[in-house]
Structures are given as structure tokens and as C-alpha cells.
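Shown below: target_22.pdb, with PDB, C-alpha atoms.
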ATOM      1  CA  MET A   1      33.761 -42.799 -42.674
ATOM      2  CA  SER A   2      35.044 -39.204 -43.018
ATOM      3  CA  ASP A   3      34.333 -36.502 -40.457
ATOM      4  CA  GLY A   4      31.915 -34.809 -42.847
ATOM      5  CA  ALA A   5      29.991 -38.027 -43.422
ATOM      6  CA  ASP A   6      29.994 -38.691 -39.676
ATOM      7  CA  ARG A   7      28.558 -35.259 -39.007
ATOM      8  CA  ARG A   8      25.928 -35.646 -41.717
ATOM      9  CA  LEU A   9      24.878 -38.994 -40.262
ATOM     10  CA  GLN A  10      24.754 -37.570 -36.735
ATOM     11  CA  ASN A  11      22.575 -34.708 -38.027
ATOM     12  CA  ALA A  12      20.397 -37.194 -39.882
ATOM     13  CA  VAL A  13      19.859 -39.231 -36.704
ATOM     14  CA  THR A  14      18.883 -36.047 -34.858
ATOM     15  CA  GLY A  15      16.582 -35.049 -37.715
ATOM     16  CA  LEU A  16      15.090 -38.532 -37.858
ATOM     17  CA  ALA A  17      13.971 -38.258 -34.250
ATOM     18  CA  HIS A  18      12.126 -35.039 -35.201
ATOM     19  CA  GLY A  19      10.414 -36.653 -38.199
ATOM     20  CA  ASP A  20      12.563 -34.947 -40.842
ATOM     21  CA  ALA A  21      11.944 -36.656 -44.219
ATOM     22  CA  ALA A  22      15.331 -35.681 -45.684
ATOM     23  CA  SER A  23      17.114 -37.271 -42.729
ATOM     24  CA  PHE A  24      15.136 -40.455 -43.178
ATOM     25  CA  GLU A  25      16.023 -40.504 -46.877
ATOM     26  CA  LEU A  26      19.725 -40.101 -46.121
ATOM     27  CA  ILE A  27      19.576 -42.975 -43.639
ATOM     28  CA  VAL A  28      17.696 -45.241 -46.056
ATOM     29  CA  ARG A  29      20.254 -44.593 -48.783
ATOM     30  CA  ARG A  30      23.151 -45.054 -46.368
ATOM     31  CA  TYR A  31      21.946 -48.374 -44.927
ATOM     32  CA  GLN A  32      19.849 -49.912 -47.718
ATOM     33  CA  SER A  33      22.709 -52.113 -48.883
ATOM     34  CA  MET A  34      23.394 -53.448 -45.375
ATOM     35  CA  VAL A  35      19.755 -54.251 -44.594
ATOM     36  CA  PHE A  36      18.952 -55.645 -48.042
ATOM     37  CA  SER A  37      22.095 -57.816 -48.110
ATOM     38  CA  LEU A  38      21.350 -59.371 -44.727
ATOM     39  CA  ALA A  39      17.821 -60.228 -45.871
ATOM     40  CA  TYR A  40      19.006 -61.391 -49.297
ATOM     41  CA  HIS A  41      21.836 -63.642 -48.089
ATOM     42  CA  PHE A  42      19.449 -65.021 -45.474
ATOM     43  CA  SER A  43      16.561 -65.801 -47.830
ATOM     44  CA  HIS A  44      18.289 -66.073 -51.237
ATOM     45  CA  ASP A  45      15.157 -64.471 -52.652
ATOM     46  CA  ARG A  46      15.450 -60.918 -53.985
ATOM     47  CA  ALA A  47      11.725 -60.127 -53.838
ATOM     48  CA  LEU A  48      11.393 -61.428 -50.293
ATOM     49  CA  ALA A  49      14.577 -59.627 -49.250
ATOM     50  CA  GLU A  50      13.223 -56.376 -50.679
ATOM     51  CA  ASP A  51       9.950 -56.804 -48.769
ATOM     52  CA  MET A  52      11.765 -57.529 -45.521
ATOM     53  CA  ALA A  53      14.181 -54.617 -45.989
ATOM     54  CA  GLN A  54      11.229 -52.288 -46.677
ATOM     55  CA  GLU A  55       9.497 -53.473 -43.521
ATOM     56  CA  VAL A  56      12.648 -52.782 -41.509
ATOM     57  CA  PHE A  57      12.903 -49.194 -42.779
ATOM     58  CA  LEU A  58       9.185 -48.561 -42.253
ATOM     59  CA  HIS A  59       9.557 -49.894 -38.717
ATOM     60  CA  LEU A  60      12.449 -47.471 -38.261
ATOM     61  CA  HIS A  61      10.224 -44.652 -39.552
ATOM     62  CA  ARG A  62       7.609 -45.484 -36.932
ATOM     63  CA  ASN A  63      10.178 -45.769 -34.129
ATOM     64  CA  ALA A  64      12.474 -42.940 -35.152
ATOM     65  CA  ALA A  65      12.279 -41.277 -31.751
ATOM     66  CA  SER A  66      13.959 -44.232 -30.049
ATOM     67  CA  ILE A  67      17.226 -43.896 -32.029
ATOM     68  CA  LYS A  68      19.910 -42.215 -29.940
ATOM     69  CA  SER A  69      23.065 -42.185 -32.079
ATOM     70  CA  PRO A  70      24.500 -43.408 -35.403
ATOM     71  CA  ALA A  71      26.031 -46.428 -33.630
ATOM     72  CA  HIS A  72      22.683 -47.192 -32.039
ATOM     73  CA  LEU A  73      20.992 -46.813 -35.424
ATOM     74  CA  GLU A  74      23.349 -49.343 -37.033
ATOM     75  CA  PHE A  75      22.897 -51.774 -34.135
ATOM     76  CA  TRP A  76      19.099 -51.280 -34.225
ATOM     77  CA  LEU A  77      18.892 -51.924 -37.991
ATOM     78  CA  ARG A  78      20.996 -55.089 -37.739
ATOM     79  CA  ARG A  79      18.995 -56.368 -34.790
ATOM     80  CA  VAL A  80      15.582 -55.683 -36.327
ATOM     81  CA  THR A  81      16.640 -57.161 -39.686
ATOM     82  CA  ALA A  82      18.106 -60.261 -38.034
ATOM     83  CA  HIS A  83      15.035 -60.892 -35.899
ATOM     84  CA  ARG A  84      12.644 -60.289 -38.800
ATOM     85  CA  CYS A  85      14.535 -62.746 -40.978
ATOM     86  CA  ILE A  86      14.614 -65.410 -38.263
ATOM     87  CA  ASP A  87      10.931 -64.894 -37.404
ATOM     88  CA  HIS A  88       9.987 -65.056 -41.064
ATOM     89  CA  ALA A  89      11.929 -68.301 -41.532
ATOM     90  CA  ARG A  90      10.242 -69.816 -38.467
ATOM     91  CA  ARG A  91       6.758 -68.756 -39.530
ATOM     92  CA  ASN A  92       7.067 -69.847 -43.106
ATOM     93  CA  ARG A  93       9.550 -72.681 -42.805
ATOM     94  CA  ILE A  94      11.331 -71.353 -45.890
ATOM     95  CA  ALA A  95      12.191 -74.253 -48.139
ATOM     96  CA  PHE A  96      15.734 -74.036 -49.376
ATOM     97  CA  ALA A  97      17.234 -75.892 -52.238
ATOM     98  CA  SER A  98      18.685 -79.158 -51.050
ATOM     99  CA  LEU A  99      22.261 -79.988 -51.817
ATOM    100  CA  GLU A 100      21.220 -82.939 -53.927
ATOM    101  CA  SER A 101      19.335 -80.669 -56.308
ATOM    102  CA  GLU A 102      22.402 -78.552 -56.951
ATOM    103  CA  LYS A 103      24.257 -79.232 -60.135
ATOM    104  CA  GLU A 104      27.789 -80.499 -59.808
ATOM    105  CA  PRO A 105      30.467 -78.077 -61.017
ATOM    106  CA  LEU A 106      31.824 -78.982 -64.432
ATOM    107  CA  ALA A 107      35.435 -78.185 -63.660
ATOM    108  CA  ARG A 108      37.704 -77.572 -60.701
ATOM    109  CA  PRO A 109      37.070 -73.977 -59.604
ATOM    110  CA  PRO A 110      39.981 -71.531 -59.679
ATOM    111  CA  GLU A 111      40.915 -69.284 -56.712
ATOM    112  CA  SER A 112      37.895 -67.231 -55.455
ATOM    113  CA  ASP A 113      35.797 -67.935 -58.473
ATOM    114  CA  PRO A 114      32.195 -66.788 -58.750
ATOM    115  CA  LEU A 115      30.930 -70.369 -58.876
ATOM    116  CA  LEU A 116      32.435 -71.129 -55.485
ATOM    117  CA  SER A 117      30.993 -67.915 -54.043
ATOM    118  CA  ARG A 118      27.573 -68.754 -55.417
ATOM    119  CA  LYS A 119      27.752 -72.273 -54.050
ATOM    120  CA  LEU A 120      28.826 -70.988 -50.633
ATOM    121  CA  GLY A 121      25.958 -68.501 -50.627
ATOM    122  CA  GLN A 122      23.532 -71.328 -51.396
ATOM    123  CA  LEU A 123      25.041 -73.514 -48.696
ATOM    124  CA  VAL A 124      24.786 -70.734 -46.130
ATOM    125  CA  ALA A 125      21.088 -70.481 -46.991
ATOM    126  CA  THR A 126      20.646 -74.150 -45.999
ATOM    127  CA  LEU A 127      21.790 -73.547 -42.416
ATOM    128  CA  PRO A 128      19.204 -73.307 -39.601
ATOM    129  CA  ALA A 129      17.861 -69.758 -39.207
ATOM    130  CA  ARG A 130      19.792 -68.568 -36.145
ATOM    131  CA  ARG A 131      23.078 -70.176 -37.217
ATOM    132  CA  ARG A 132      22.654 -68.667 -40.662
ATOM    133  CA  MET A 133      22.246 -65.210 -39.143
ATOM    134  CA  VAL A 134      25.356 -65.729 -36.992
ATOM    135  CA  VAL A 135      27.343 -66.560 -40.146
ATOM    136  CA  LEU A 136      25.929 -63.535 -41.991
ATOM    137  CA  LEU A 137      26.707 -61.130 -39.168
ATOM    138  CA  ARG A 138      30.223 -62.559 -38.887
ATOM    139  CA  PHE A 139      31.165 -62.651 -42.568
ATOM    140  CA  GLN A 140      28.939 -60.042 -44.206
ATOM    141  CA  GLU A 141      28.958 -57.465 -41.439
ATOM    142  CA  GLU A 142      32.305 -58.605 -39.985
ATOM    143  CA  LEU A 143      31.044 -58.219 -36.433
ATOM    144  CA  GLU A 144      32.946 -59.490 -33.419
ATOM    145  CA  LEU A 145      31.443 -62.389 -31.497
ATOM    146  CA  HIS A 146      30.286 -60.211 -28.597
ATOM    147  CA  GLU A 147      28.595 -57.830 -31.054
ATOM    148  CA  ILE A 148      26.757 -60.754 -32.677
ATOM    149  CA  ALA A 149      25.717 -61.916 -29.215
ATOM    150  CA  GLU A 150      24.242 -58.462 -28.517
ATOM    151  CA  VAL A 151      22.443 -58.222 -31.849
ATOM    152  CA  LEU A 152      20.902 -61.691 -31.543
ATOM    153  CA  GLU A 153      20.435 -61.506 -27.765
ATOM    154  CA  MET A 154      22.172 -64.801 -27.115
ATOM    155  CA  PRO A 155      25.130 -65.866 -24.940
ATOM    156  CA  ILE A 156      28.547 -65.412 -26.526
ATOM    157  CA  ASN A 157      29.331 -69.105 -26.029
ATOM    158  CA  THR A 158      26.279 -69.996 -28.095
ATOM    159  CA  VAL A 159      27.490 -67.661 -30.842
ATOM    160  CA  LYS A 160      30.922 -69.341 -30.739
ATOM    161  CA  SER A 161      29.510 -72.848 -30.941
ATOM    162  CA  TYR A 162      27.004 -71.884 -33.668
ATOM    163  CA  LEU A 163      29.794 -70.354 -35.714
ATOM    164  CA  GLN A 164      32.180 -73.252 -35.247
ATOM    165  CA  ARG A 165      29.508 -75.832 -36.032
ATOM    166  CA  SER A 166      28.300 -73.863 -39.063
ATOM    167  CA  LEU A 167      31.816 -73.607 -40.482
ATOM    168  CA  GLU A 168      32.338 -77.345 -40.020
ATOM    169  CA  LEU A 169      29.001 -78.025 -41.671
ATOM    170  CA  LEU A 170      29.742 -75.677 -44.566
ATOM    171  CA  ARG A 171      33.152 -77.241 -45.090
ATOM    172  CA  ALA A 172      31.637 -80.742 -45.122
ATOM    173  CA  LYS A 173      28.881 -79.726 -47.510
ATOM    174  CA  LEU A 174      31.304 -77.915 -49.758
ATOM    175  CA  ASP A 175      33.575 -80.942 -49.851
ATOM    176  CA  ARG A 176      30.616 -83.062 -50.854
ATOM    177  CA  CYS A 177      29.615 -80.623 -53.576
ATOM    178  CA  LEU A 178      33.025 -79.924 -54.984
ATOM    179  CA  GLY A 179      34.540 -83.364 -54.644
ATOM    180  CA  ASP A 180      38.242 -83.309 -53.952
ATOM    181  CA  VAL A 181      38.669 -79.560 -54.203
ATOM    182  CA  ARG A 182      40.036 -78.362 -50.850
ATOM    183  CA  VAL A 183      38.924 -74.984 -49.532
TER
ATOM    184  CA  MET B 184      39.492 -72.920 -42.243
ATOM    185  CA  LYS B 185      41.004 -69.502 -42.977
ATOM    186  CA  ARG B 186      40.478 -70.027 -46.685
ATOM    187  CA  LEU B 187      36.832 -70.925 -46.102
ATOM    188  CA  GLU B 188      36.383 -67.793 -44.026
ATOM    189  CA  ASP B 189      37.880 -65.655 -46.786
ATOM    190  CA  GLU B 190      35.615 -67.306 -49.337
ATOM    191  CA  LEU B 191      32.624 -66.669 -47.081
ATOM    192  CA  LYS B 192      33.510 -62.977 -46.870
ATOM    193  CA  THR B 193      33.590 -62.865 -50.656
ATOM    194  CA  ALA B 194      30.397 -64.864 -51.057
ATOM    195  CA  LEU B 195      28.520 -62.808 -48.486
ATOM    196  CA  ARG B 196      29.696 -59.353 -49.496
ATOM    197  CA  ARG B 197      27.021 -56.704 -49.510
ATOM    198  CA  VAL B 198      24.828 -56.425 -52.591
ATOM    199  CA  GLU B 199      22.865 -53.431 -53.799
ATOM    200  CA  PRO B 200      19.068 -53.569 -53.558
ATOM    201  CA  PRO B 201      16.996 -53.383 -56.764
ATOM    202  CA  ALA B 202      16.825 -50.003 -58.494
ATOM    203  CA  GLY B 203      14.259 -47.657 -56.970
ATOM    204  CA  PHE B 204      14.272 -49.410 -53.607
ATOM    205  CA  ALA B 205      14.910 -46.241 -51.604
ATOM    206  CA  GLU B 206      12.208 -44.360 -53.537
ATOM    207  CA  ARG B 207       9.663 -47.092 -52.803
ATOM    208  CA  VAL B 208      10.556 -47.062 -49.099
ATOM    209  CA  LEU B 209      10.258 -43.265 -48.966
ATOM    210  CA  ALA B 210       6.894 -43.338 -50.763
ATOM    211  CA  GLN B 211       5.556 -45.922 -48.306
ATOM    212  CA  ALA B 212       6.908 -43.950 -45.360
ATOM    213  CA  ARG B 213       5.089 -40.833 -46.631
ATOM    214  CA  GLN B 214       1.915 -42.881 -47.044
ATOM    215  CA  GLN B 215       2.393 -44.248 -43.519
ATOM    216  CA  ALA B 216       2.882 -40.741 -42.131
ATOM    217  CA  ASP B 217      -0.222 -39.435 -43.965
ATOM    218  CA  SER B 218      -2.433 -42.148 -42.536
ATOM    219  CA  LYS B 219      -1.491 -41.833 -38.892
ATOM    220  CA  PRO B 220      -3.766 -43.977 -36.735
ATOM    221  CA  GLY B 221      -6.653 -42.388 -34.876
ATOM    222  CA  PHE B 222      -7.234 -42.521 -31.130
ATOM    223  CA  ALA B 223      -9.100 -45.833 -31.288
ATOM    224  CA  ALA B 224      -6.383 -47.457 -33.386
ATOM    225  CA  ARG B 225      -3.656 -46.227 -31.034
ATOM    226  CA  LEU B 226      -5.654 -47.560 -28.103
ATOM    227  CA  ARG B 227      -5.952 -50.918 -29.852
ATOM    228  CA  GLY B 228      -2.223 -50.770 -30.537
ATOM    229  CA  LEU B 229      -1.571 -50.567 -26.810
ATOM    230  CA  PHE B 230      -3.236 -53.938 -26.388
ATOM    231  CA  ARG B 231      -1.402 -55.614 -29.257
ATOM    232  CA  PRO B 232       1.374 -57.429 -27.382
ATOM    233  CA  ARG B 233       0.260 -60.822 -26.167
ATOM    234  CA  ALA B 234       1.417 -60.264 -22.577
ATOM    235  CA  VAL B 235      -0.566 -57.028 -22.333
ATOM    236  CA  ARG B 236      -3.667 -58.756 -23.682
ATOM    237  CA  TRP B 237      -3.331 -61.538 -21.125
ATOM    238  CA  ALA B 238      -2.753 -59.019 -18.336
ATOM    239  CA  ALA B 239      -5.850 -57.074 -19.420
ATOM    240  CA  ALA B 240      -7.930 -60.270 -19.502
ATOM    241  CA  PHE B 241      -6.650 -61.269 -16.045
ATOM    242  CA  ALA B 242      -7.374 -57.801 -14.635
ATOM    243  CA  SER B 243     -10.886 -57.871 -16.129
ATOM    244  CA  ALA B 244     -11.521 -61.302 -14.599
ATOM    245  CA  CYS B 245     -10.289 -60.059 -11.199
ATOM    246  CA  VAL B 246     -12.579 -57.024 -11.390
ATOM    247  CA  LEU B 247     -15.560 -59.248 -12.281
ATOM    248  CA  ILE B 248     -14.848 -61.657  -9.412
ATOM    249  CA  LEU B 249     -14.452 -58.778  -6.946
ATOM    250  CA  ALA B 250     -17.659 -57.141  -8.164
ATOM    251  CA  ALA B 251     -19.552 -60.435  -7.810
ATOM    252  CA  ALA B 252     -18.210 -60.914  -4.260
ATOM    253  CA  ARG B 253     -19.147 -57.363  -3.311
ATOM    254  CA  TYR B 254     -22.653 -57.801  -4.760
ATOM    255  CA  ARG B 255     -23.129 -61.051  -2.815
ATOM    256  CA  GLN B 256     -21.962 -59.329   0.373
ATOM    257  CA  TYR B 257     -24.389 -56.442  -0.291
ATOM    258  CA  GLN B 258     -27.241 -58.895  -0.863
ATOM    259  CA  GLN B 259     -26.503 -60.697   2.428
ATOM    260  CA  VAL B 260     -26.419 -57.420   4.387
ATOM    261  CA  LYS B 261     -29.687 -56.396   2.716
ATOM    262  CA  ILE B 262     -31.389 -59.689   3.638
ATOM    263  CA  GLN B 263     -30.130 -59.434   7.243
ATOM    264  CA  GLY B 264     -31.400 -55.835   7.401
ATOM    265  CA  GLU B 265     -34.835 -56.831   6.109
ATOM    266  CA  LEU B 266     -34.969 -59.691   8.616
ATOM    267  CA  ALA B 267     -34.025 -57.385  11.470
ATOM    268  CA  SER B 268     -36.572 -54.840  10.294
ATOM    269  CA  ALA B 269     -39.331 -57.513  10.200
ATOM    270  CA  GLN B 270     -38.350 -58.722  13.668
ATOM    271  CA  ALA B 271     -38.435 -55.155  14.978
ATOM    272  CA  ARG B 272     -41.892 -54.570  13.450
ATOM    273  CA  GLN B 273     -43.100 -57.848  14.957
ATOM    274  CA  ALA B 274     -41.716 -56.850  18.373
ATOM    275  CA  LEU B 275     -43.397 -53.454  18.082
ATOM    276  CA  ARG B 276     -46.695 -55.098  17.159
ATOM    277  CA  ILE B 277     -46.472 -57.415  20.220
ATOM    278  CA  ALA B 278     -45.486 -54.526  22.496
ATOM    279  CA  SER B 279     -48.295 -52.388  21.071
ATOM    280  CA  ALA B 280     -50.854 -55.168  21.641
ATOM    281  CA  LYS B 281     -49.716 -55.643  25.243
ATOM    282  CA  LEU B 282     -49.755 -51.901  25.893
ATOM    283  CA  ASN B 283     -53.270 -51.639  24.490
ATOM    284  CA  ALA B 284     -54.396 -54.430  26.766
ATOM    285  CA  VAL B 285     -52.851 -52.737  29.790
ATOM    286  CA  LEU B 286     -54.433 -49.390  28.830
ATOM    287  CA  LYS B 287     -57.850 -51.044  28.443
ATOM    288  CA  ASP B 288     -57.465 -52.633  31.853
ATOM    289  CA  ALA B 289     -56.474 -49.317  33.347
ATOM    290  CA  ALA B 290     -59.413 -47.489  31.773
ATOM    291  CA  ARG B 291     -62.032 -50.040  33.010
ATOM    292  CA  PRO B 292     -63.735 -48.987  36.293
ATOM    293  CA  PRO B 293     -62.997 -51.288  39.186
ATOM    294  CA  HIS B 294     -65.849 -53.876  39.824
ATOM    295  CA  ARG B 295     -65.511 -53.697  43.599
ATOM    296  CA  ASN B 296     -66.427 -49.992  43.794
ATOM    297  CA  LEU B 297     -69.601 -50.520  41.755
ATOM    298  CA  GLU B 298     -70.747 -53.295  44.074
ATOM    299  CA  ASN B 299     -70.216 -51.036  47.067
TER
END
Can you present the structure in this file as C-alpha cells?
Amino acid sequence: MSDGADRRLQNAVTGLAHGDAASFELIVRRYQSMVFSLAYHFSHDRALAEDMAQEVFLHLHRNAASIKSPAHLEFWLRRVTAHRCIDHARRNRIAFASLESEKEPLARPPESDPLLSRKLGQLVATLPARRRMVVLLRFQEELELHEIAEVLEMPINTVKSYLQRSLELLRAKLDRCLGDVRV
Amino acid sequence: MKRLEDELKTALRRVEPPAGFAERVLAQARQQADSKPGFAARLRGLFRPRAVRWAAAFASACVLILAAARYRQYQQVKIQGELASAQARQALRIASAKLNAVLKDAARPPHRNLEN
């Protein structure tokens, strides 16, 4: 981020704490993609993801005074989104498409093709809630393991084992789905 | 594994929310700001977390038990006081009766003098 953008964001965080509507708007526009994507990749449901993302921003609006800095804001948004997604999955036991219901690909996928990406996205959505969020924070947000541990309030060793196990699971599922195609 | 990780980064890249998302959030935030909760609602909000509710229930139970114990203690003291008061009245009545008898005796003229 450029110095100008940094300064604008810093000013927006200050304004947010004082209930400034323009600051809130700037923050919503700046972080809407991050929050929505976490909820969307978690739920694979655009309407549900939009509802959850809206709730996160409205929660931010109510708790604006507690935000101390842009870094804290980003951490806060990730943490609230992650916990809302996990809580929602627990409460509603979101039913995800089983692997058996997925159609087999018609042809061997080329390098980084959209079909493979779509399939991976669907497979990620079949992981248990907390593991799924670890994968999202690692590969969507590209957070380090200790940052994921802070966001999800879990020991770093748990994050490591969740990530390792999830990758093994994804690889196995992908192998099953795509036959002999090695990824 | 590296290839899988790269594919995951591609598959999980950020996506844009539906058009008008920010506007809807801002409209709801304005609505939320316009309908700020009253005193009663804020007071209820204080008691929303489960732990606080349990603590409040426990504190209320403690207060009730203490009040009951204090009332029982007060009742016992009151009964003892009434008993003591009745005993004192009884003692006064007995003392009064004896005093009256003594006074009557003292006021009666001696028989021996009359005979003389």
C-alpha cells in the first residue's frame, strides 16, 4: 500500500472511532473483498456470504471505538469473520456437496485451469469448519502460521497439524476426483 | 505439495462481493445508528452474555438467602424479647402482689395493743 493510502486508512480508522460515516464507508470499500471472500470460500454460498459479511461490518460499526490501528482493524475483521463463519457452520451444520455428487471431469485438466480451481474450492468447503478456516487464512489471506493461531485463538501446533492434515486430505480427495492427474 | 498449494492460492483468491454490497452495508449502518437502543435496551444488553446472566442469578440467590437468614434471626430476637418482656411483667406482678400484702400487713393495727 502506498504512503497516501496508508495515511488515508490511518485517518479513516481515527474517524471510525469518532463515528465518522465517510471513514466507515472507506473501510467497508477497502475490506469488503477480504471479508466477503473469507465468508464465500467458507460457505460456497454467495447469499449467505453476503449476509455474514454484512453482519461483520455492522458489528464493526457498533464496536468502532475499540479499533486502535489499521493493522488492528485488519486483524479484527479477519478474526470476527472467521469466528462468525465457524459459529454459523456449527449452529446450522451446513450441508456441503459430497464428493460423490460431483461430476467427473470430462478431460485431463491443463495447468491451473478453472475446473481444477473450482473443484479445489468445492473440496475446501467439505473440510471441517476450523480446518477450513485455517486453509482459507493460509491460502486466501496468505497469513503466517502464528498469525492464523492469533486470529483463531488456537495453539500454533494445532494450526500446523490442521494445515498438514487438510492438505493431505485435499490431495487424496483431488486424486479421487481427478483420477490419475497428479497435482 | 507445492503445486497443490499454488493451486489453492489460485482457487481461493479473493472475489468481489455482489454489486451494491457496500451501499447496502452503509444503509444498514445508518439505520442502526438512527435506532440507537434506549436505556432499558442497553441495560438488557449488559446482561446478554451467558456468564453475566449466571453471575446475576447467583448474586440474586445469595441476596435472597442472606435476607431470609437475617429475617429468621430478627424473628428469633423478637420472640426472645417478647418472652423476656412477659417474664419481666410476670415478675413485676408477683413483686407487686407481695408488696401489697406487706403494705396491708403494715397498715393493720396490732391486735395485742387493742387487747390491752
Would you give me, as JSON lines, each residue of chain A having an atom within 8 Å of an atom of chain B, along with its shortest atom pair and that distance in Å to one decimal, using all atoms listed in the file and sorting by chain and residue number?
{"residue": "A:Glu25", "atom": "CA", "partner": "B:Leu209", "partner_atom": "CA", "distance": 6.7}
{"residue": "A:Val28", "atom": "CA", "partner": "B:Ala205", "partner_atom": "CA", "distance": 6.3}
{"residue": "A:Arg29", "atom": "CA", "partner": "B:Ala205", "partner_atom": "CA", "distance": 6.3}
{"residue": "A:Gln32", "atom": "CA", "partner": "B:Pro200", "partner_atom": "CA", "distance": 6.9}
{"residue": "A:Ser33", "atom": "CA", "partner": "B:Glu199", "partner_atom": "CA", "distance": 5.1}
{"residue": "A:Met34", "atom": "CA", "partner": "B:Arg197", "partner_atom": "CA", "distance": 6.4}
{"residue": "A:Phe36", "atom": "CA", "partner": "B:Pro200", "partner_atom": "CA", "distance": 5.9}
{"residue": "A:Ser37", "atom": "CA", "partner": "B:Arg197", "partner_atom": "CA", "distance": 5.2}
{"residue": "A:Leu38", "atom": "CA", "partner": "B:Arg197", "partner_atom": "CA", "distance": 7.9}
{"residue": "A:His41", "atom": "CA", "partner": "B:Leu195", "partner_atom": "CA", "distance": 6.7}
{"residue": "A:Glu50", "atom": "CA", "partner": "B:Pro200", "partner_atom": "CA", "distance": 7.1}
{"residue": "A:Gln54", "atom": "CA", "partner": "B:Val208", "partner_atom": "CA", "distance": 5.8}
{"residue": "A:Phe57", "atom": "CA", "partner": "B:Val208", "partner_atom": "CA", "distance": 7.1}
{"residue": "A:Leu58", "atom": "CA", "partner": "B:Ala212", "partner_atom": "CA", "distance": 6.0}
{"residue": "A:His61", "atom": "CA", "partner": "B:Ala212", "partner_atom": "CA", "distance": 6.7}
{"residue": "A:Ser112", "atom": "CA", "partner": "B:Glu190", "partner_atom": "CA", "distance": 6.5}
{"residue": "A:Leu116", "atom": "CA", "partner": "B:Glu190", "partner_atom": "CA", "distance": 7.9}
{"residue": "A:Ser117", "atom": "CA", "partner": "B:Ala194", "partner_atom": "CA", "distance": 4.3}
{"residue": "A:Arg118", "atom": "CA", "partner": "B:Ala194", "partner_atom": "CA", "distance": 6.5}
{"residue": "A:Leu120", "atom": "CA", "partner": "B:Ala194", "partner_atom": "CA", "distance": 6.3}
{"residue": "A:Gly121", "atom": "CA", "partner": "B:Ala194", "partner_atom": "CA", "distance": 5.8}
{"residue": "A:Leu136", "atom": "CA", "partner": "B:Leu195", "partner_atom": "CA", "distance": 7.0}
{"residue": "A:Phe139", "atom": "CA", "partner": "B:Lys192", "partner_atom": "CA", "distance": 4.9}
{"residue": "A:Gln140", "atom": "CA", "partner": "B:Leu195", "partner_atom": "CA", "distance": 5.1}
{"residue": "A:Leu167", "atom": "CA", "partner": "B:Met184", "partner_atom": "CA", "distance": 7.9}
{"residue": "A:Arg171", "atom": "CA", "partner": "B:Leu187", "partner_atom": "CA", "distance": 7.4}
{"residue": "A:Val183", "atom": "CA", "partner": "B:Leu187", "partner_atom": "CA", "distance": 5.7}
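When atom CA of Val151 of chain A is paired with atom CA of Arg79 of chain A, their separation reads 4.9 Å.
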Pairwise distance for atom CA of Trp76 of chain A and atom CA of Glu153 of chain A, rounded to one decimal in Å | 12.2 Å
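For the atom pair formed by atom CA of Ala12 of chain A and atom CA of Ile27 of chain A, the distance is 6.9 Å, given to one decimal.
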Applied to the shown file, which residues does the PyMOL selection byres ((chain A and resi 88) around 12) return, written as a PDB file with C-alpha atoms, in the coordinates of the input?
ATOM      1  CA  ALA A  39      17.821 -60.228 -45.871  1.00  0.00           C
ATOM      2  CA  PHE A  42      19.449 -65.021 -45.474  1.00  0.00           C
ATOM      3  CA  SER A  43      16.561 -65.801 -47.830  1.00  0.00           C
ATOM      4  CA  LEU A  48      11.393 -61.428 -50.293  1.00  0.00           C
ATOM      5  CA  ALA A  49      14.577 -59.627 -49.250  1.00  0.00           C
ATOM      6  CA  ASP A  51       9.950 -56.804 -48.769  1.00  0.00           C
ATOM      7  CA  MET A  52      11.765 -57.529 -45.521  1.00  0.00           C
ATOM      8  CA  GLU A  55       9.497 -53.473 -43.521  1.00  0.00           C
ATOM      9  CA  VAL A  80      15.582 -55.683 -36.327  1.00  0.00           C
ATOM     10  CA  THR A  81      16.640 -57.161 -39.686  1.00  0.00           C
ATOM     11  CA  ALA A  82      18.106 -60.261 -38.034  1.00  0.00           C
ATOM     12  CA  HIS A  83      15.035 -60.892 -35.899  1.00  0.00           C
ATOM     13  CA  ARG A  84      12.644 -60.289 -38.800  1.00  0.00           C
ATOM     14  CA  CYS A  85      14.535 -62.746 -40.978  1.00  0.00           C
ATOM     15  CA  ILE A  86      14.614 -65.410 -38.263  1.00  0.00           C
ATOM     16  CA  ASP A  87      10.931 -64.894 -37.404  1.00  0.00           C
ATOM     17  CA  ALA A  89      11.929 -68.301 -41.532  1.00  0.00           C
ATOM     18  CA  ARG A  90      10.242 -69.816 -38.467  1.00  0.00           C
ATOM     19  CA  ARG A  91       6.758 -68.756 -39.530  1.00  0.00           C
ATOM     20  CA  ASN A  92       7.067 -69.847 -43.106  1.00  0.00           C
ATOM     21  CA  ARG A  93       9.550 -72.681 -42.805  1.00  0.00           C
ATOM     22  CA  ILE A  94      11.331 -71.353 -45.890  1.00  0.00           C
ATOM     23  CA  ALA A  95      12.191 -74.253 -48.139  1.00  0.00           C
ATOM     24  CA  ALA A 129      17.861 -69.758 -39.207  1.00  0.00           C
ATOM     25  CA  ARG A 130      19.792 -68.568 -36.145  1.00  0.00           C
TER      26      ARG A 130
END
For Thr158 of chain A: contacts at 10 Å, all atoms listed in the file, fewer than 2 positions along chain excluded, given as a compact mmCIF listing (two decimals) with C-alpha atoms, keeping the file's coordinate frame:
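File written: selection26.txt
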# COMPACT_ATOMS: atom_id res chain seq x y z
CA ARG A 131 23.08 -70.18 -37.22
CA VAL A 134 25.36 -65.73 -36.99
CA LEU A 145 31.44 -62.39 -31.50
CA ALA A 149 25.72 -61.92 -29.22
CA MET A 154 22.17 -64.80 -27.12
CA PRO A 155 25.13 -65.87 -24.94
CA ILE A 156 28.55 -65.41 -26.53
CA LYS A 160 30.92 -69.34 -30.74
CA SER A 161 29.51 -72.85 -30.94
CA TYR A 162 27.00 -71.88 -33.67
CA LEU A 163 29.79 -70.35 -35.71
CA GLN A 164 32.18 -73.25 -35.25
Given the file shown, enumerate the residues that the PyMOL selection byres ((chain A and resi 66) around 12) captures and present them as an NGL selection string.
-> :A and (13-14 or 16-19 or 59-65 or 67-70 or 72-73 or 76)
If the box runs along x, y and z of the file and leaves 6 Å on each side of segment 245-257 of chain B, what are its centre and edge lengths in Å, one decimal, as AutoDock Vina command-line options?
--center_x -17.3 --center_y -59.0 --center_z -6.0 --size_x 26.1 --size_y 17.2 --size_z 24.7
